[in-house]
>>> print(open('work-v9.txt').read())   # compact mmCIF, C-alpha atoms
# COMPACT_ATOMS: atom_id res chain seq x y z
CA ASN J 1 -48.67 107.51 10.86
CA ALA J 2 -50.91 107.20 13.89
CA GLY J 3 -53.27 110.03 14.59
CA VAL J 4 -53.64 111.99 17.80
CA MET J 5 -54.08 109.59 20.70
CA GLN J 6 -56.00 110.36 23.83
CA ASN J 7 -56.50 108.24 26.89
CA PRO J 8 -58.52 107.28 28.63
CA ARG J 9 -61.52 107.54 26.32
CA HIS J 10 -63.87 107.55 29.28
CA LEU J 11 -63.08 108.65 32.81
CA VAL J 12 -65.37 108.60 35.82
CA ARG J 13 -64.45 110.53 38.94
CA ARG J 14 -66.21 111.42 42.14
CA ARG J 15 -66.40 115.02 43.28
CA GLY J 16 -63.14 116.10 44.88
CA GLN J 17 -60.94 113.60 43.04
CA GLU J 18 -58.30 114.42 40.46
CA ALA J 19 -58.60 113.75 36.74
CA ARG J 20 -55.57 113.32 34.47
CA LEU J 21 -56.14 113.30 30.73
CA ARG J 22 -53.36 112.35 28.33
CA CYS J 23 -52.71 113.34 24.76
CA SER J 24 -50.03 112.07 22.41
CA PRO J 25 -49.78 114.30 19.33
CA MET J 26 -49.21 113.03 15.84
CA LYS J 27 -45.63 112.09 15.06
CA GLY J 28 -43.63 115.18 14.21
CA HIS J 29 -46.14 117.59 15.73
CA SER J 30 -44.81 119.94 18.39
CA HIS J 31 -47.93 122.00 19.07
CA VAL J 32 -50.78 120.77 21.25
CA TYR J 33 -54.16 122.35 21.96
CA TRP J 34 -56.80 121.35 24.48
CA TYR J 35 -60.51 122.06 23.97
CA ARG J 36 -63.55 121.36 26.12
CA GLN J 37 -66.98 120.48 24.78
CA LEU J 38 -69.87 120.83 27.20
CA PRO J 39 -73.10 118.99 26.36
CA GLU J 40 -74.98 120.52 23.42
CA GLU J 41 -72.18 123.02 22.75
CA GLY J 42 -69.26 123.51 20.41
CA LEU J 43 -65.63 123.09 21.38
CA LYS J 44 -64.09 125.84 23.48
CA PHE J 45 -60.35 126.53 23.52
CA MET J 46 -58.56 125.99 26.80
CA VAL J 47 -54.79 126.01 26.31
CA TYR J 48 -52.07 125.89 23.67
CA LEU J 49 -48.69 124.34 24.43
CA GLN J 50 -45.42 123.66 22.73
CA LYS J 51 -42.80 121.32 24.14
CA GLU J 52 -42.13 122.42 27.74
CA ASN J 53 -43.92 125.74 27.25
CA ILE J 54 -47.43 127.06 27.76
CA ILE J 55 -48.03 129.54 24.96
CA ASP J 56 -51.65 130.57 25.53
CA GLU J 57 -53.79 129.54 28.48
CA SER J 58 -56.41 132.23 28.08
CA GLY J 59 -59.24 129.69 27.95
CA MET J 60 -58.20 127.75 31.01
CA PRO J 61 -60.08 128.24 34.29
CA LYS J 62 -57.81 129.98 36.77
CA GLU J 63 -58.19 127.38 39.49
CA ARG J 64 -57.94 123.59 39.59
CA PHE J 65 -56.89 123.22 35.93
CA SER J 66 -53.33 122.85 34.70
CA ALA J 67 -51.63 121.55 31.60
CA GLU J 68 -48.16 120.48 30.62
CA PHE J 69 -46.34 119.17 27.60
CA PRO J 70 -43.01 117.78 28.76
CA LYS J 71 -39.97 117.19 26.63
CA GLU J 72 -40.67 113.48 26.71
CA GLY J 73 -44.09 111.90 26.90
CA PRO J 74 -47.65 113.00 26.32
CA SER J 75 -49.34 116.26 27.14
CA ILE J 76 -51.33 116.10 30.37
CA LEU J 77 -54.45 118.07 31.28
CA ARG J 78 -54.95 117.88 35.01
CA ILE J 79 -58.12 118.80 36.86
CA GLN J 80 -57.91 118.88 40.62
CA GLN J 81 -60.87 118.53 42.97
CA VAL J 82 -63.32 117.88 40.15
CA VAL J 83 -66.89 119.17 40.36
CA ARG J 84 -69.99 118.11 38.44
CA GLY J 85 -69.61 121.08 36.13
CA ASP J 86 -66.33 119.64 34.86
CA SER J 87 -68.24 116.81 33.18
CA ALA J 88 -67.54 117.26 29.48
CA ALA J 89 -65.65 115.88 26.52
CA TYR J 90 -62.05 117.07 26.39
CA PHE J 91 -60.38 117.12 23.01
CA CYS J 92 -56.73 117.41 22.19
CA ALA J 93 -55.47 118.60 18.82
CA SER J 94 -51.99 118.85 17.40
CA SER J 95 -50.33 120.70 14.55
CA PRO J 96 -46.89 120.64 12.97
CA GLY J 97 -46.22 124.25 13.91
CA THR J 98 -44.13 124.88 10.84
CA SER J 99 -44.91 126.20 7.42
CA GLY J 100 -46.34 123.87 4.89
CA ALA J 101 -49.58 122.71 3.43
CA SER J 102 -51.14 121.70 6.72
CA TYR J 103 -49.49 123.97 9.23
CA ASN J 104 -52.70 125.90 9.73
CA GLU J 105 -54.69 122.75 10.39
CA GLN J 106 -55.24 121.05 13.69
CA PHE J 107 -55.72 117.30 13.88
CA PHE J 108 -58.07 116.18 16.60
CA GLY J 109 -57.94 113.18 18.87
CA PRO J 110 -61.04 111.12 19.72
CA GLY J 111 -61.58 112.94 23.01
CA THR J 112 -61.88 111.91 26.64
CA ARG J 113 -65.34 111.96 28.12
CA LEU J 114 -65.13 112.92 31.78
CA THR J 115 -68.07 112.15 34.05
CA VAL J 116 -68.07 113.51 37.57
CA LEU J 117 -70.43 111.74 39.95
CA ALA M 1 -62.71 137.97 20.23
CA GLN M 2 -63.88 136.24 17.12
CA THR M 3 -67.34 134.68 17.18
CA VAL M 4 -68.82 131.98 15.00
CA THR M 5 -72.59 131.62 14.69
CA GLN M 6 -74.54 128.65 13.42
CA SER M 7 -78.18 129.62 13.46
CA GLN M 8 -79.61 126.20 12.58
CA PRO M 9 -79.48 123.84 15.60
CA GLU M 10 -81.07 121.04 13.55
CA MET M 11 -81.50 120.27 9.87
CA SER M 12 -82.83 117.31 7.97
CA VAL M 13 -82.46 116.18 4.38
CA GLN M 14 -83.82 113.39 2.27
CA GLU M 15 -81.27 110.84 1.13
CA ALA M 16 -79.75 111.82 -2.25
CA GLU M 17 -80.95 115.42 -1.88
CA THR M 18 -78.91 118.56 -1.23
CA VAL M 19 -78.72 120.49 2.02
CA THR M 20 -77.00 123.73 3.00
CA LEU M 21 -75.74 124.50 6.49
CA SER M 22 -75.23 128.15 7.44
CA CYS M 23 -72.36 129.79 9.28
CA THR M 24 -71.48 133.40 9.90
CA TYR M 25 -68.52 134.80 11.76
CA ASP M 26 -67.22 138.07 13.07
CA THR M 27 -63.60 139.17 12.75
CA SER M 28 -61.49 142.25 12.14
CA GLU M 29 -58.68 140.25 10.52
CA SER M 30 -58.29 140.17 6.76
CA ASP M 31 -56.46 136.86 6.55
CA TYR M 32 -57.82 133.75 8.26
CA TYR M 33 -58.98 130.19 7.74
CA LEU M 34 -62.42 128.63 7.90
CA PHE M 35 -63.28 124.99 8.44
CA TRP M 36 -66.21 122.64 8.60
CA TYR M 37 -65.86 119.66 10.94
CA LYS M 38 -68.15 116.66 11.20
CA GLN M 39 -68.72 114.98 14.56
CA PRO M 40 -70.54 111.62 14.31
CA PRO M 41 -71.84 109.81 17.41
CA SER M 42 -68.33 108.48 18.01
CA ARG M 43 -67.43 112.12 18.83
CA GLN M 44 -64.36 112.05 16.62
CA MET M 45 -63.82 115.45 14.98
CA ILE M 46 -63.39 114.90 11.25
CA LEU M 47 -62.29 117.68 8.93
CA VAL M 48 -64.73 118.03 6.05
CA ILE M 49 -63.44 121.06 4.18
CA ARG M 50 -61.36 124.18 4.69
CA GLN M 51 -61.13 127.59 3.03
CA GLU M 52 -58.35 130.17 3.06
CA ALA M 53 -59.80 133.68 3.22
CA TYR M 54 -57.37 135.02 0.65
CA LYS M 55 -58.69 132.59 -1.96
CA GLN M 56 -61.72 133.77 -3.88
CA GLN M 57 -62.50 130.33 -5.25
CA ASN M 58 -64.85 128.27 -3.14
CA ALA M 59 -63.37 125.04 -1.78
CA THR M 60 -64.79 121.73 -2.94
CA GLU M 61 -64.24 118.20 -1.67
CA ASN M 62 -66.24 115.62 -3.59
CA ARG M 63 -69.89 116.04 -2.48
CA PHE M 64 -69.03 118.89 -0.11
CA SER M 65 -68.63 122.48 -1.20
CA VAL M 66 -68.71 125.87 0.44
CA ASN M 67 -70.15 129.25 -0.43
CA PHE M 68 -67.65 131.71 1.00
CA GLN M 69 -68.83 135.31 1.02
CA LYS M 70 -66.00 137.30 2.62
CA ALA M 71 -67.73 140.67 2.62
CA ALA M 72 -70.80 139.19 4.28
CA LYS M 73 -68.64 137.03 6.59
CA SER M 74 -70.62 133.99 5.59
CA PHE M 75 -69.35 130.45 5.11
CA SER M 76 -72.07 127.91 4.28
CA LEU M 77 -71.58 124.21 3.61
CA LYS M 78 -73.44 122.44 0.84
CA ILE M 79 -73.76 118.67 0.91
CA SER M 80 -74.90 117.17 -2.38
CA ASP M 81 -76.34 113.68 -2.90
CA SER M 82 -76.73 113.25 0.86
CA GLN M 83 -75.95 109.83 2.27
CA LEU M 84 -76.98 108.16 5.51
CA GLY M 85 -73.37 108.37 6.69
CA ASP M 86 -73.54 112.14 6.51
CA ALA M 87 -75.76 112.22 9.58
CA ALA M 88 -73.77 113.96 12.32
CA MET M 89 -73.15 117.24 14.11
CA TYR M 90 -71.45 119.77 11.89
CA PHE M 91 -69.29 122.51 13.35
CA CYS M 92 -68.08 125.61 11.60
CA ALA M 93 -64.71 126.89 12.84
CA TYR M 94 -62.57 129.99 12.40
CA ARG M 95 -58.84 130.26 12.84
CA GLY M 96 -56.67 133.37 12.67
CA PRO M 97 -53.66 133.80 10.40
CA ASN M 98 -50.84 133.00 12.80
CA THR M 99 -49.31 129.70 13.76
CA GLY M 100 -50.73 128.63 17.08
CA ASN M 101 -53.95 130.58 16.73
CA GLN M 102 -56.80 128.78 18.44
CA PHE M 103 -59.93 127.59 16.68
CA TYR M 104 -63.25 129.27 17.42
CA PHE M 105 -66.19 126.91 16.96
CA GLY M 106 -69.86 127.50 16.39
CA THR M 107 -72.47 125.66 18.44
CA GLY M 108 -73.11 123.12 15.73
CA THR M 109 -75.90 121.91 13.47
CA SER M 110 -77.32 118.43 13.92
CA LEU M 111 -77.97 116.91 10.50
CA THR M 112 -80.46 114.07 10.08
CA VAL M 113 -80.57 112.14 6.81
CA ILE M 114 -83.95 110.59 6.07
CA PRO M 115 -83.88 107.33 4.09
>>> encode(input="work-v9.txt", output="structure tokens")
Amino acid sequence: NAGVMQNPRHLVRRRGQEARLRCSPMKGHSHVYWYRQLPEEGLKFMVYLQKENIIDESGMPKERFSAEFPKEGPSILRIQQVVRGDSAAYFCASSPGTSGASYNEQFFGPGTRLTVL
Amino acid sequence: AQTVTQSQPEMSVQEAETVTLSCTYDTSESDYYLFWYKQPPSRQMILVIRQEAYKQQNATENRFSVNFQKAAKSFSLKISDSQLGDAAMYFCAYRGPNTGNQFYFGTGTSLTVIP
């Protein structure tokens, strides 16, 4: 069973460009979370999605950031008109979303490191 | 909002010795989950150990164990017989009782293992 997949692993963008980060959850997982890790800091929650629904986006900046988790395909975190302050590692995590031994656990992907020039 | 505090930005330990990493948290909930994650230079987040708040017994995973003090809201990680591969950033994390609750992370402790 493959783990959480994220691509690309590294992404370089110039100021003003768009960044699209992809996350494929573990097989059978229907809940996806996005976190951002700024340099020298811990991970900060951004958004929680289920298939076709945004459940909690309380950690997402109000402008330029959006996320989706379509019925088919990976979850996408989209950052429009990137600025230098967006440079960070972006982690995706998934969980089964149902009761069971590991329902309260989130499995993390390897992250995408975004660098804005 | 819940907060997680790791007051030790850096720690070091001699190989084969024991080290304890501190974590405190603030919450008004009575049921919750606590985790320790390891982040090596590869940046992959690796689950080390987890504790359910309703369990009084401290969790143990091989060389890793926790000291969970619910009343004091303290959740420290003890690494016994430290190995070079243990060198990494360690993050303490809190999660509420409900499905879909987000994780709250501390700022991390950088652990160096001295050969």
>>> closest_residue(input="work-v9.txt", among="M:Cys92, M:Ala59, M:Ala72, M:Met11", to="chain J", atoms="only C-alpha atoms")
M:Cys92
>>> residues_around(input="work-v9.txt", residues="segment 73-88 of chain J", least_positions_apart="5", cutoff="9 Å", atoms="all atoms listed in the file", output="PyMOL selection string")
chain J and resi 13-25+32+34+36-39+49+51+63-68+112-117
>>> interface_residues(input="work-v9.txt", of="chain M", to="chain J", cutoff="9 Å", atoms="only C-alpha atoms", output="list in words")
Tyr33, Ser42, Arg43, Gln44, Met45, Ile46, Leu47, Arg50, Phe91, Arg95, Gly96, Pro97, Asn98, Thr99, Gly100, Asn101, Gln102, Phe103, Tyr104, Phe105, Gly106, Thr107 and Gly108 of chain M
>>> atom_distance(input="work-v9.txt", atom1="atom CA of Ser76 of chain M", atom2="atom CA of Pro41 of chain M")
22.4 Å
>>> atom_distance(input="work-v9.txt", atom1="atom CA of Ser30 of chain J", atom2="atom CA of Glu57 of chain J")
16.6 Å
>>> residues_around(input="work-v9.txt", residues="Thr109 of chain M", least_positions_apart="6", cutoff="9 Å", atoms="all atoms listed in the file", output="ChimeraX atom specification")
/M:6-11,21-22,88-92
>>> atom_distance(input="work-v9.txt", atom1="atom CA of Gln6 of chain J", atom2="atom CA of Lys38 of chain M")
18.6 Å
>>> closest_residue(input="work-v9.txt", among="J:Tyr90, J:Met5, J:Pro70, J:Met60", to="Met26 of chain J", atoms="all atoms listed in the file")
J:Met5
>>> axis_aligned_box(input="work-v9.txt", around="segment 60-73 of chain J", padding_each_side="6 Å", output="JSON")
{"center_x": -50.0, "center_y": 120.9, "center_z": 33.1, "size_x": 32.1, "size_y": 30.1, "size_z": 25.0}
>>> build_atoms(input="work-v9.txt", residues="segment 86-109 of chain M", atoms="N, CA and C atoms", output="compact mmCIF listing (two decimals), keeping the file's coordinate frame")
# COMPACT_ATOMS: atom_id res chain seq x y z
N ASP M 86 -73.77 110.72 6.28
CA ASP M 86 -73.54 112.14 6.51
C ASP M 86 -74.20 112.63 7.79
N ALA M 87 -75.07 111.83 8.35
CA ALA M 87 -75.76 112.22 9.58
C ALA M 87 -74.74 112.42 10.70
N ALA M 88 -74.75 113.61 11.30
CA ALA M 88 -73.77 113.96 12.32
C ALA M 88 -74.02 115.39 12.77
N MET M 89 -73.23 115.81 13.77
CA MET M 89 -73.15 117.24 14.11
C MET M 89 -72.10 117.86 13.20
N TYR M 90 -72.40 119.05 12.72
CA TYR M 90 -71.45 119.77 11.89
C TYR M 90 -71.08 121.09 12.57
N PHE M 91 -69.79 121.31 12.70
CA PHE M 91 -69.29 122.51 13.35
C PHE M 91 -68.51 123.36 12.35
N CYS M 92 -68.83 124.62 12.35
CA CYS M 92 -68.08 125.61 11.60
C CYS M 92 -66.99 126.16 12.53
N ALA M 93 -65.81 126.41 12.00
CA ALA M 93 -64.71 126.89 12.84
C ALA M 93 -63.90 127.95 12.12
N TYR M 94 -63.41 128.89 12.90
CA TYR M 94 -62.57 129.99 12.40
C TYR M 94 -61.21 129.90 13.07
N ARG M 95 -60.18 130.21 12.29
CA ARG M 95 -58.84 130.26 12.84
C ARG M 95 -58.11 131.46 12.26
N GLY M 96 -57.40 132.19 13.10
CA GLY M 96 -56.67 133.37 12.67
C GLY M 96 -55.46 133.01 11.83
N PRO M 97 -54.71 134.02 11.39
CA PRO M 97 -53.66 133.80 10.40
C PRO M 97 -52.35 133.26 10.95
N ASN M 98 -52.16 133.30 12.25
CA ASN M 98 -50.84 133.00 12.80
C ASN M 98 -50.75 131.58 13.33
N THR M 99 -49.56 131.02 13.21
CA THR M 99 -49.31 129.70 13.76
C THR M 99 -49.64 129.70 15.25
N GLY M 100 -50.37 128.70 15.67
CA GLY M 100 -50.73 128.63 17.08
C GLY M 100 -52.04 129.29 17.41
N ASN M 101 -52.64 129.99 16.45
CA ASN M 101 -53.95 130.58 16.73
C ASN M 101 -54.96 129.50 17.06
N GLN M 102 -55.78 129.75 18.06
CA GLN M 102 -56.80 128.78 18.44
C GLN M 102 -57.93 128.75 17.42
N PHE M 103 -58.72 127.70 17.48
CA PHE M 103 -59.93 127.59 16.68
C PHE M 103 -61.10 128.17 17.50
N TYR M 104 -61.98 128.84 16.82
CA TYR M 104 -63.25 129.27 17.42
C TYR M 104 -64.35 128.47 16.72
N PHE M 105 -65.15 127.78 17.52
CA PHE M 105 -66.19 126.91 16.96
C PHE M 105 -67.57 127.51 17.15
N GLY M 106 -68.45 127.23 16.20
CA GLY M 106 -69.86 127.50 16.39
C GLY M 106 -70.48 126.44 17.28
N THR M 107 -71.77 126.58 17.53
CA THR M 107 -72.47 125.66 18.44
C THR M 107 -72.97 124.40 17.75
N GLY M 108 -72.82 124.36 16.44
CA GLY M 108 -73.11 123.12 15.73
C GLY M 108 -74.50 123.04 15.15
N THR M 109 -74.62 122.24 14.10
CA THR M 109 -75.90 121.91 13.47
C THR M 109 -76.01 120.40 13.41
